[in-house]
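Visitor: Structure provided below as structure tokens; questions to follow.
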Amino acid sequence: MTSADEAAKGAGLDAFALPNGEIADMGKPFEITYRCMDGMAQARLEFPAAAITARTSSSEGVEGADISGDYNTYAHEWTEEIGGVTVACAGNREGESTKTYWNAGGLYHSLVAEGLGGDVDFGLTPERIAVFVEAMK
């Protein structure tokens, strides 16, 4: 699979949108890998020291709106209002979300951030999350 459009089509979704260009202070991903499952499109965006897995689904996950597939427990859980959307965040660093999820436009969305250089508590700042929310909602 080579594009977000192909992932959306394979998942049975009308669209799967991702940010086009730079992700706040992280720059542009050097590789994007796409997958689809029944009703869900996924992309893994890789940067020099981090990766972000983005998902969009037409149905709720096991834990309600959380379709992330990340069942870890985090030290901090909070919500952010970003672009008129309430976004649920969880991470081990205050203000940096490792797991993020929201619903908008009848679809469910999630982001899971991963540090690739040994930074196991890597998370996304509100500015980084906003780039995805604006593109995916």
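Each chain in the structure tokens gets a letter, A, B, ..., in the order shown, and its residues are numbered from 1; ligands are numbered from 1 in order too.
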Skip Asp121 in chain A itself and residues of its chain fewer than 5 positions away, then list as number ranges by chain all residues within 12 Å of it, counting only C-alpha atoms.
Guide: A: 50, 72-76, 90-99, 112-116
Visitor: Which residues are close to Ser110 in chain A, i.e. within 7 Å by only C-alpha atoms, leaving aside same-chain residues fewer than 2 positions away? Reply as a PDB file with N, CA and C atoms, in the first residue's frame.
Guide:
ATOM      1  N   ALA A  54      -0.747   6.733  13.132  1.00  0.00           N
ATOM      2  CA  ALA A  54      -2.034   7.438  13.035  1.00  0.00           C
ATOM      3  C   ALA A  54      -3.079   6.469  12.505  1.00  0.00           C
ATOM      4  N   ARG A  55      -4.257   6.483  13.128  1.00  0.00           N
ATOM      5  CA  ARG A  55      -5.352   5.615  12.703  1.00  0.00           C
ATOM      6  C   ARG A  55      -6.641   6.404  12.557  1.00  0.00           C
ATOM      7  N   THR A  56      -7.472   5.983  11.603  1.00  0.00           N
ATOM      8  CA  THR A  56      -8.832   6.487  11.445  1.00  0.00           C
ATOM      9  C   THR A  56      -9.731   5.282  11.236  1.00  0.00           C
ATOM     10  N   ASP A  66     -11.355   4.999  21.855  1.00  0.00           N
ATOM     11  CA  ASP A  66      -9.918   4.756  21.753  1.00  0.00           C
ATOM     12  C   ASP A  66      -9.640   3.603  20.787  1.00  0.00           C
ATOM     13  N   ILE A  67      -9.183   3.934  19.590  1.00  0.00           N
ATOM     14  CA  ILE A  67      -8.852   2.928  18.583  1.00  0.00           C
ATOM     15  C   ILE A  67      -7.342   2.739  18.456  1.00  0.00           C
ATOM     16  N   SER A  68      -6.571   3.272  19.400  1.00  0.00           N
ATOM     17  CA  SER A  68      -5.110   3.306  19.284  1.00  0.00           C
ATOM     18  C   SER A  68      -4.451   1.932  19.323  1.00  0.00           C
ATOM     19  N   THR A 100      -3.045   9.543  21.959  1.00  0.00           N
ATOM     20  CA  THR A 100      -4.013  10.614  21.741  1.00  0.00           C
ATOM     21  C   THR A 100      -5.163  10.061  20.918  1.00  0.00           C
ATOM     22  N   TYR A 101      -6.393  10.397  21.300  1.00  0.00           N
ATOM     23  CA  TYR A 101      -7.524   9.955  20.474  1.00  0.00           C
ATOM     24  C   TYR A 101      -8.687  10.935  20.573  1.00  0.00           C
ATOM     25  N   TRP A 102      -9.512  10.953  19.512  1.00  0.00           N
ATOM     26  CA  TRP A 102     -10.659  11.844  19.437  1.00  0.00           C
ATOM     27  C   TRP A 102     -11.619  11.319  18.380  1.00  0.00           C
ATOM     28  N   VAL A 112      -0.356   7.362  18.196  1.00  0.00           N
ATOM     29  CA  VAL A 112       0.524   6.781  19.204  1.00  0.00           C
ATOM     30  C   VAL A 112       1.941   7.194  18.832  1.00  0.00           C
TER      31      VAL A 112
END
Visitor: Smallest atom-to-atom distance to Gly21 in chain A: which of A:Asn103, A:Ser58, A:Gly69, A:Leu45, using only C-alpha atoms?
Guide: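 Using only C-alpha atoms, the shortest distance to Gly21 in chain A belongs to A:Leu45.
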Visitor: Between A:Pro29, A:Pro19, A:Gly117, A:Gly39, which residue has the minimum interatomic distance to Ala130 in chain A, considering only C-alpha atoms?
Guide: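 Of A:Pro29, A:Pro19, A:Gly117, A:Gly39, the one nearest Ala130 in chain A is A:Pro19, counting only C-alpha atoms.
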Visitor: Which parts of chain A does DSSP call strand (DSSP E) when run on the backbone here, written out as a PyMOL selection string?
Guide: chain A and resi 31-37+40-46+50-57+76-82+85-91+99-104+107-115
Visitor: CA of Leu18 in chain A to CA of Thr79 in chain A: how many Å, to one decimal?
Guide: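 Separating CA of Leu18 in chain A from CA of Thr79 in chain A is a distance of 21.4 Å.
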Visitor: When you count only C-alpha atoms, which of these residues is closest to Leu124 in chain A: A:Leu13, A:Leu111, A:Ala41, A:Ala49?
Guide: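 Looking at the shortest contact to Leu124 in chain A, the residue is A:Leu111.
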Visitor: Using only C-alpha atoms, which residue out of A:Met40, A:Met26, A:Thr125, A:Ile32 lies closest to Lys9 in chain A?
Guide: A:Met40
Visitor: Which residue, A:Arg44, A:Arg128, A:Arg35, A:Lys137, has the smallest gap to Gly106 in chain A when you use only C-alpha atoms?
Guide: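 Residue with the minimum atom-to-atom distance to Gly106 in chain A: A:Lys137.
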Visitor: How far is it from CA of Ser57 in chain A to CA of Glu22 in chain A, in Å with one decimal?
Guide: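 Straight-line distance from CA of Ser57 in chain A to CA of Glu22 in chain A works out to 23.7 Å.
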Visitor: Expressed in Å to a single decimal, how great is the separation between CA of Met37 in chain A and CA of Asp70 in chain A?
Guide: 16.4 Å
Visitor: I'd like to know which of A:Glu31, A:Glu81, A:Gln42, A:Phe132 is closest to Asp5 in chain A, using only C-alpha atoms.
Guide: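 Once distances to Asp5 in chain A are computed over only C-alpha atoms, the minimum belongs to A:Gln42.
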Visitor: Within 9 Å of Ser3 in chain A, counting only C-alpha atoms, which residues qualify if same-chain residues fewer than 3 places away don't, as number ranges by chain?
Guide: A: 6-8, 32-34, 43
